[in-house]
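Okay, my_file12.txt is below, compact mmCIF, C-alpha atoms:
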```txt
# COMPACT_ATOMS: atom_id res chain seq x y z
CA MET L 1 0.00 0.00 0.00
CA THR L 2 1.39 3.39 -1.03
CA VAL L 3 -0.98 5.83 0.66
CA ASN L 4 -0.29 7.87 3.76
CA LYS L 5 -2.59 10.11 5.76
CA PRO L 6 -1.62 13.77 5.49
CA LYS L 7 -0.51 15.43 8.71
CA SER L 8 -2.51 18.57 7.99
CA HIS L 9 -5.63 19.36 5.99
CA ARG L 10 -5.41 21.20 2.71
CA GLN L 11 -8.19 21.50 0.17
CA LEU L 12 -7.32 19.34 -2.82
CA LEU L 13 -9.89 20.42 -5.40
CA ASN L 14 -10.68 23.81 -6.84
CA THR L 15 -14.44 24.11 -6.25
CA ARG L 16 -14.75 27.86 -6.76
CA SER L 17 -16.90 27.38 -9.87
CA THR L 18 -19.19 24.86 -8.16
CA PRO L 19 -22.67 26.30 -7.62
CA ASP L 20 -24.41 26.32 -4.28
CA TRP L 21 -26.38 23.24 -5.18
CA PRO L 22 -29.47 23.72 -2.94
CA THR L 23 -29.93 27.23 -4.35
CA PHE L 24 -29.25 26.07 -7.90
CA PHE L 25 -31.76 23.24 -7.53
CA GLN L 26 -34.45 25.79 -6.67
CA THR L 27 -33.64 27.64 -9.88
CA LEU L 28 -33.74 24.40 -11.86
CA LEU L 29 -37.04 23.43 -10.24
CA ASN L 30 -38.60 26.71 -11.32
CA LYS L 31 -37.49 26.10 -14.93
CA ALA L 32 -38.30 22.37 -15.19
CA ASN L 33 -41.30 21.15 -17.16
CA ASP L 34 -41.13 17.39 -16.79
CA GLU L 35 -42.79 16.14 -13.60
CA ARG L 36 -39.99 13.64 -12.96
CA LEU L 37 -37.41 16.41 -13.06
CA LYS L 38 -39.56 18.62 -10.86
CA SER L 39 -39.72 15.85 -8.27
CA PHE L 40 -35.96 15.34 -8.49
CA TYR L 41 -35.15 19.02 -8.00
CA SER L 42 -37.69 19.47 -5.21
CA THR L 43 -36.12 16.76 -3.03
CA PRO L 44 -34.08 18.49 -0.28
CA MET L 45 -30.34 18.64 -1.01
CA VAL L 46 -27.62 18.79 1.65
CA SER L 47 -26.00 22.17 2.15
CA GLY L 48 -22.36 22.78 1.32
CA ASP L 49 -21.32 22.89 4.98
CA THR L 50 -22.62 19.36 5.68
CA PRO L 51 -19.74 17.19 6.97
CA LEU L 52 -18.83 14.21 4.80
CA SER L 53 -19.79 11.88 7.64
CA GLU L 54 -23.42 13.01 7.29
CA VAL L 55 -23.73 13.06 3.50
CA PRO L 56 -25.94 10.49 1.73
CA PHE L 57 -24.03 9.34 -1.36
CA VAL L 58 -24.97 7.21 -4.35
CA ALA L 59 -22.31 5.79 -6.66
CA LEU L 60 -23.37 5.84 -10.31
CA ASP L 61 -21.90 4.16 -13.37
CA PHE L 62 -22.97 3.94 -17.02
CA GLU L 63 -21.98 1.56 -19.76
CA THR L 64 -22.44 3.20 -23.17
CA THR L 65 -22.21 2.45 -26.88
CA GLY L 66 -19.19 4.77 -27.13
CA LEU L 67 -17.63 7.85 -25.59
CA ASP L 68 -19.43 10.69 -27.41
CA PRO L 69 -22.65 11.67 -25.57
CA LYS L 70 -23.97 13.44 -28.68
CA LYS L 71 -23.66 10.31 -30.83
CA ASP L 72 -23.69 7.41 -28.37
CA GLU L 73 -26.27 6.08 -25.92
CA ILE L 74 -26.47 4.67 -22.40
CA ILE L 75 -27.00 0.90 -22.39
CA SER L 76 -26.56 0.04 -18.71
CA ILE L 77 -27.00 1.94 -15.43
CA GLY L 78 -25.73 0.78 -12.06
CA LEU L 79 -26.06 2.58 -8.75
CA VAL L 80 -25.14 1.86 -5.14
CA PRO L 81 -26.26 4.08 -2.22
CA PHE L 82 -23.75 4.49 0.60
CA SER L 83 -22.38 6.65 3.38
CA LEU L 84 -18.88 6.83 4.87
CA GLN L 85 -19.93 4.17 7.35
CA ARG L 86 -21.91 1.74 5.20
CA ILE L 87 -22.51 0.57 1.64
CA ARG L 88 -26.21 -0.25 1.14
CA CYS L 89 -25.94 -3.18 -1.24
CA ARG L 90 -29.58 -4.19 -0.75
CA GLU L 91 -30.66 -0.82 -2.13
CA SER L 92 -28.42 -1.04 -5.19
CA ALA L 93 -29.97 -1.29 -8.65
CA GLN L 94 -29.05 -1.95 -12.25
CA TRP L 95 -30.94 -1.47 -15.51
CA THR L 96 -30.24 -2.41 -19.11
CA VAL L 97 -31.37 0.29 -21.53
CA ASN L 98 -32.28 0.00 -25.21
CA PRO L 99 -30.06 2.33 -27.30
CA HIS L 100 -32.28 1.79 -30.38
CA ARG L 101 -29.28 1.05 -32.55
CA PRO L 102 -26.97 -1.91 -33.25
CA LEU L 103 -24.04 -2.19 -30.87
CA ASN L 104 -20.61 -1.85 -32.38
CA GLU L 105 -18.10 -4.63 -31.91
CA GLU L 106 -15.62 -2.49 -30.00
CA SER L 107 -18.10 -1.57 -27.27
CA VAL L 108 -19.38 -5.15 -26.96
CA ILE L 109 -15.83 -6.33 -26.35
CA ILE L 110 -15.45 -3.77 -23.55
CA HIS L 111 -18.72 -4.18 -21.63
CA GLY L 112 -19.89 -7.60 -22.79
CA ILE L 113 -23.48 -6.45 -23.38
CA THR L 114 -24.90 -7.84 -26.65
CA ASP L 115 -27.64 -6.83 -29.07
CA SER L 116 -29.88 -9.64 -27.83
CA GLU L 117 -29.68 -8.22 -24.29
CA VAL L 118 -30.71 -4.70 -25.24
CA GLU L 119 -33.28 -5.33 -27.98
CA ASN L 120 -36.06 -6.06 -25.47
CA ALA L 121 -34.80 -3.63 -22.82
CA PRO L 122 -36.82 -0.47 -22.08
CA ASP L 123 -36.01 3.00 -23.31
CA LEU L 124 -34.41 5.24 -20.69
CA LEU L 125 -37.68 7.18 -20.27
CA LYS L 126 -39.45 4.03 -19.07
CA ILE L 127 -37.12 3.74 -16.09
CA LEU L 128 -36.27 7.43 -15.63
CA GLU L 129 -38.55 7.92 -12.63
CA ARG L 130 -36.94 5.01 -10.77
CA VAL L 131 -33.44 6.22 -11.60
CA LEU L 132 -34.15 9.78 -10.49
CA ASN L 133 -35.86 8.60 -7.31
CA ALA L 134 -32.72 6.64 -6.46
CA LEU L 135 -30.53 9.72 -7.02
CA ALA L 136 -32.81 12.30 -5.41
CA GLY L 137 -31.45 13.96 -2.28
CA LYS L 138 -28.07 12.24 -2.61
CA ILE L 139 -24.64 13.34 -3.79
CA VAL L 140 -23.74 11.35 -6.90
CA VAL L 141 -20.28 9.75 -6.87
CA VAL L 142 -18.61 8.83 -10.16
CA HIS L 143 -15.18 7.98 -11.51
CA TYR L 144 -14.79 10.57 -14.30
CA GLN L 145 -17.71 12.94 -14.19
CA LYS L 146 -17.96 13.66 -17.92
CA ILE L 147 -19.46 10.25 -18.67
CA GLU L 148 -22.36 10.21 -16.24
CA ARG L 149 -23.09 13.92 -16.30
CA GLU L 150 -22.89 14.48 -20.03
CA PHE L 151 -24.57 11.24 -21.10
CA MET L 152 -27.51 11.74 -18.74
CA ASN L 153 -27.89 15.38 -19.75
CA GLN L 154 -27.76 14.59 -23.47
CA ALA L 155 -30.11 11.60 -23.13
CA LEU L 156 -32.76 13.79 -21.49
CA LEU L 157 -32.23 16.67 -23.92
CA SER L 158 -32.94 14.34 -26.84
CA ARG L 159 -36.01 12.82 -25.16
CA LEU L 160 -37.52 15.62 -23.07
CA LYS L 161 -36.02 18.73 -24.69
CA GLU L 162 -34.59 19.63 -21.27
CA GLY L 163 -31.41 18.38 -19.63
CA ILE L 164 -30.43 17.65 -16.07
CA HIS L 165 -27.85 18.96 -13.58
CA PHE L 166 -26.74 17.38 -10.32
CA PRO L 167 -23.78 17.61 -7.91
CA VAL L 168 -21.07 15.01 -8.20
CA VAL L 169 -18.00 13.87 -6.32
CA ASP L 170 -15.47 12.61 -8.85
CA THR L 171 -13.10 10.00 -7.42
CA MET L 172 -10.87 10.32 -10.50
CA ALA L 173 -10.48 14.08 -9.94
CA ILE L 174 -9.68 13.47 -6.28
CA GLU L 175 -7.08 10.82 -7.10
CA MET L 176 -5.54 13.02 -9.79
CA ALA L 177 -5.20 15.88 -7.29
CA ILE L 178 -3.62 13.54 -4.72
CA GLN L 179 -1.14 12.19 -7.26
CA GLN L 180 -0.23 15.68 -8.40
CA ARG L 181 0.20 16.88 -4.82
CA ASP L 182 2.38 13.94 -3.79
CA HIS L 183 4.30 13.18 -7.00
CA GLY L 184 4.06 16.27 -9.22
CA GLY L 185 6.37 19.23 -9.61
CA LEU L 186 9.91 19.79 -10.80
CA ILE L 187 11.71 18.14 -7.90
CA ASN L 188 9.77 14.92 -8.36
CA ARG L 189 10.43 14.97 -12.10
CA LEU L 190 14.15 15.38 -11.45
CA LYS L 191 13.98 12.39 -9.10
CA GLY L 192 12.21 10.35 -11.75
CA ASN L 193 8.88 10.39 -9.92
CA ARG L 194 5.66 10.81 -11.83
CA PRO L 195 1.98 10.95 -10.84
CA GLY L 196 0.47 7.49 -11.11
CA SER L 197 -2.47 6.23 -13.12
CA VAL L 198 -5.89 7.36 -11.95
CA ARG L 199 -7.86 4.60 -13.63
CA LEU L 200 -10.39 3.03 -11.30
CA ALA L 201 -8.58 -0.29 -10.80
CA ARG L 202 -5.16 1.30 -10.28
CA SER L 203 -6.55 3.91 -7.90
CA ARG L 204 -8.17 1.16 -5.81
CA GLN L 205 -4.91 -0.79 -5.62
CA ARG L 206 -3.23 2.09 -3.80
CA TYR L 207 -5.65 1.62 -0.91
CA GLY L 208 -5.41 -2.15 -0.79
CA LEU L 209 -8.89 -2.60 -2.26
CA PRO L 210 -9.60 -5.84 -4.14
CA ASP L 211 -9.67 -6.16 -7.92
CA TYR L 212 -13.12 -6.39 -9.51
CA PRO L 213 -13.99 -7.29 -13.11
CA PRO L 214 -14.26 -3.94 -14.98
CA HIS L 215 -16.97 -2.49 -17.25
CA HIS L 216 -19.99 -3.81 -15.39
CA ALA L 217 -22.19 -0.92 -14.25
CA MET L 218 -23.16 -2.29 -10.85
CA THR L 219 -19.67 -3.56 -10.04
CA ASP L 220 -18.03 -0.31 -11.14
CA ALA L 221 -20.48 1.67 -9.02
CA LEU L 222 -19.60 -0.47 -6.00
CA ALA L 223 -15.89 -0.08 -6.78
CA THR L 224 -16.32 3.70 -6.95
CA ALA L 225 -18.18 3.81 -3.63
CA GLU L 226 -15.42 1.84 -1.90
CA LEU L 227 -12.76 4.04 -3.47
CA LEU L 228 -14.34 7.23 -2.13
CA GLN L 229 -14.60 5.73 1.33
CA ALA L 230 -10.88 4.93 1.20
CA GLN L 231 -9.90 8.32 -0.21
CA ILE L 232 -11.76 10.12 2.57
CA ALA L 233 -10.31 7.82 5.24
CA TYR L 234 -6.74 8.53 4.06
CA HIS L 235 -6.86 12.12 2.86
CA PHE L 236 -9.75 13.92 4.55
CA SER L 237 -11.47 14.33 7.87
CA PRO L 238 -15.06 13.08 8.31
CA ASP L 239 -15.79 16.68 9.37
CA THR L 240 -14.67 18.06 5.99
CA PRO L 241 -17.62 19.92 4.41
CA ILE L 242 -19.00 18.41 1.22
CA SER L 243 -18.41 21.75 -0.52
CA GLU L 244 -14.66 20.97 -0.59
CA ILE L 245 -15.12 18.02 -2.93
CA TRP L 246 -18.43 18.38 -4.79
CA LEU L 247 -18.38 19.69 -8.33
```

Target encoding structure tokens, full file:
Amino acid sequence: MTVNKPKSHRQLLNTRSTPDWPTFFQTLLNKANDERLKSFYSTPMVSGDTPLSEVPFVALDFETTGLDPKKDEIISIGLVPFSLQRIRCRESAQWTVNPHRPLNEESVIIHGITDSEVENAPDLLKILERVLNALAGKIVVVHYQKIEREFMNQALLSRLKEGIHFPVVDTMAIEMAIQQRDHGGLINRLKGNRPGSVRLARSRQRYGLPDYPPHHAMTDALATAELLQAQIAYHFSPDTPISEIWL
């Protein structure tokens, strides 16, 4: 294991551009037209000064037909609710989603989901209420925010003509900041040190977490939840306000 607890606290992430999410949700609620989005935005959101130990989290992961949210589609959604103290596996959920297009060979090789599995699956709108209910009132945790944020936003824009916004904690961004803090800079470069990989599996290895098979939405969500728990245990205080790491 190559992780050490810092002796003193220092904010790792630049969150100056992060909105005050409870206030922003009120603005979004006033603009929303879809009843499912209205319900989502009207669910009380924790304030920025809430300590991490009291924050309700939900880890979220998508498998998609590709990496471009404007051209590709979500085909699998996995989510796992958790707190710093407990992962709520019984409340976890996974859905297969019909992308309404043939799957390309490259994506099938990565996630293992086939055309026969998605052809009878529901469209995202059929399960949207259940997905949003599972996310409502929680801080969404992802490993690389662009996938889940941009794919969900684009999927709803194309179906509802209105997108979606929600706060996230990005375990990849946290790990990247830790690696840069501990192994970046000129002196480290002169010593031959470099920041390490921030891929999900490699990040987990630094904390002694077990290897899981990748590219399965539910498993990756669980892996992300465990990674955040470890990152907070090693690099933050449970009293750290959520505003220091939400984006």

Contacts of L:Thr65 within 9 Å, only C-alpha atoms, excl. fewer than 6 positions in-chain, as a CSV table (one decimal) with C-alpha atoms, in the coordinates of the input:
```
chain,number,residue,atom,x,y,z
L,71,LYS,CA,-23.7,10.3,-30.8
L,72,ASP,CA,-23.7,7.4,-28.4
L,73,GLU,CA,-26.3,6.1,-25.9
L,74,ILE,CA,-26.5,4.7,-22.4
L,75,ILE,CA,-27.0,0.9,-22.4
L,99,PRO,CA,-30.1,2.3,-27.3
L,103,LEU,CA,-24.0,-2.2,-30.9
L,104,ASN,CA,-20.6,-1.8,-32.4
L,106,GLU,CA,-15.6,-2.5,-30.0
L,107,SER,CA,-18.1,-1.6,-27.3
L,108,VAL,CA,-19.4,-5.2,-27.0
```

* **Shell around L:Ala201 at 12 Å using all atoms listed in the file, local window under 2 positions removed, as number ranges by chain** => L: 143, 171-172, 175, 196-199, 203-215, 219-220, 223-224, 226-227

* Asked: So, counting only C-alpha atoms, which residue among L:Glu63, L:Glu54, L:Leu132, L:Leu12 is closest to L:Lys38?
  ->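 With only C-alpha atoms as the atom set, the closest residue is L:Leu132.
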
* d(atom CA of L:Asp20, atom CA of L:Phe166) in Å ->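 So the answer is 11.0 Å.
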
* **Separation of atom CA of L:Pro81 from atom CA of L:Glu117, in Å and rounded to one decimal** =>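 Atom-to-atom, atom CA of L:Pro81 to atom CA of L:Glu117, that is 25.5 Å.
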
* To do: Please identify all polymer residues within 10 Å of L:Lys70, counting all atoms listed in the file, omitting same-chain residues fewer than 4 positions from it, and present them as a list in words.
  =>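 Listing them by chain and then by number gives Glu150, Phe151, Asn153, Gln154, Ala155 and Ser158 of chain L.
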
Quick one: everything within 9 Å of L:Gln229, counting all atoms listed in the file, minus sequence neighbours fewer than 6 positions away in the same chain. Send it as an mmCIF file with C-alpha atoms, keeping the file's coordinate frame.
```cif
data_model
loop_
_atom_site.group_PDB
_atom_site.id
_atom_site.type_symbol
_atom_site.label_atom_id
_atom_site.label_comp_id
_atom_site.auth_asym_id
_atom_site.auth_seq_id
_atom_site.Cartn_x
_atom_site.Cartn_y
_atom_site.Cartn_z
ATOM 1 C CA SER L 83 -22.380 6.650 3.380
ATOM 2 C CA LEU L 84 -18.880 6.830 4.870
ATOM 3 C CA GLN L 85 -19.930 4.170 7.350
#
```

Can you tell me, as a PDB file with C-alpha atoms, keeping the file's coordinate frame, what residues are no more than 12 Å from L:Asn33 when counting all atoms listed in the file, ignoring any on the same chain fewer than 5 positions away?
```
ATOM      1  CA  LEU L  28     -33.740  24.400 -11.860  1.00  0.00           C
ATOM      2  CA  LYS L  38     -39.560  18.620 -10.860  1.00  0.00           C
ATOM      3  CA  SER L  39     -39.720  15.850  -8.270  1.00  0.00           C
ATOM      4  CA  PHE L  40     -35.960  15.340  -8.490  1.00  0.00           C
ATOM      5  CA  TYR L  41     -35.150  19.020  -8.000  1.00  0.00           C
ATOM      6  CA  LEU L 160     -37.520  15.620 -23.070  1.00  0.00           C
ATOM      7  CA  LYS L 161     -36.020  18.730 -24.690  1.00  0.00           C
ATOM      8  CA  GLU L 162     -34.590  19.630 -21.270  1.00  0.00           C
ATOM      9  CA  GLY L 163     -31.410  18.380 -19.630  1.00  0.00           C
ATOM     10  CA  ILE L 164     -30.430  17.650 -16.070  1.00  0.00           C
TER      11      ILE L 164
END
```

* Counting all atoms listed in the file, the option among L:Ser17, L:Ser237, L:Ser42, L:Asn30 closest to L:Gly137 ->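 For L:Gly137, the nearest of the candidates is L:Ser42.
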
* Which residue gives the smallest distance to L:Leu52 among L:Leu125, L:Leu200, L:Val97, L:Ile139, with only C-alpha atoms counted? ->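 Residue with the minimum atom-to-atom distance to L:Leu52: L:Ile139.
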
* To do: Go through L:Ile245, L:Ala217, L:Leu156, L:Ile178 one by one, measure the shortest atom-to-atom distance of each to L:Leu37 using all atoms listed in the file, and give the residue with the smallest value.
  =>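 Comparing L:Ile245, L:Ala217, L:Leu156, L:Ile178 against L:Leu37, the winner is L:Leu156.
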
* To do: Take atom CA of L:Pro19 and atom CA of L:Val169 and report the distance between them in Å, one decimal.
  =>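 About the pair atom CA of L:Pro19 and atom CA of L:Val169: they are 13.3 Å apart.
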
Using the file's own x, y and z axes, so that the box edges lie along x, y and z, what centre and edge lengths in Å (one decimal) does a box around every listed atom of stretch 37-55 of chain L get when 8 Å is added on each side? Give it as AutoDock Vina command-line options.
```
--center_x -29.3 --center_y 17.4 --center_z -2.7 --size_x 36.9 --size_y 27.0 --size_z 36.7
```
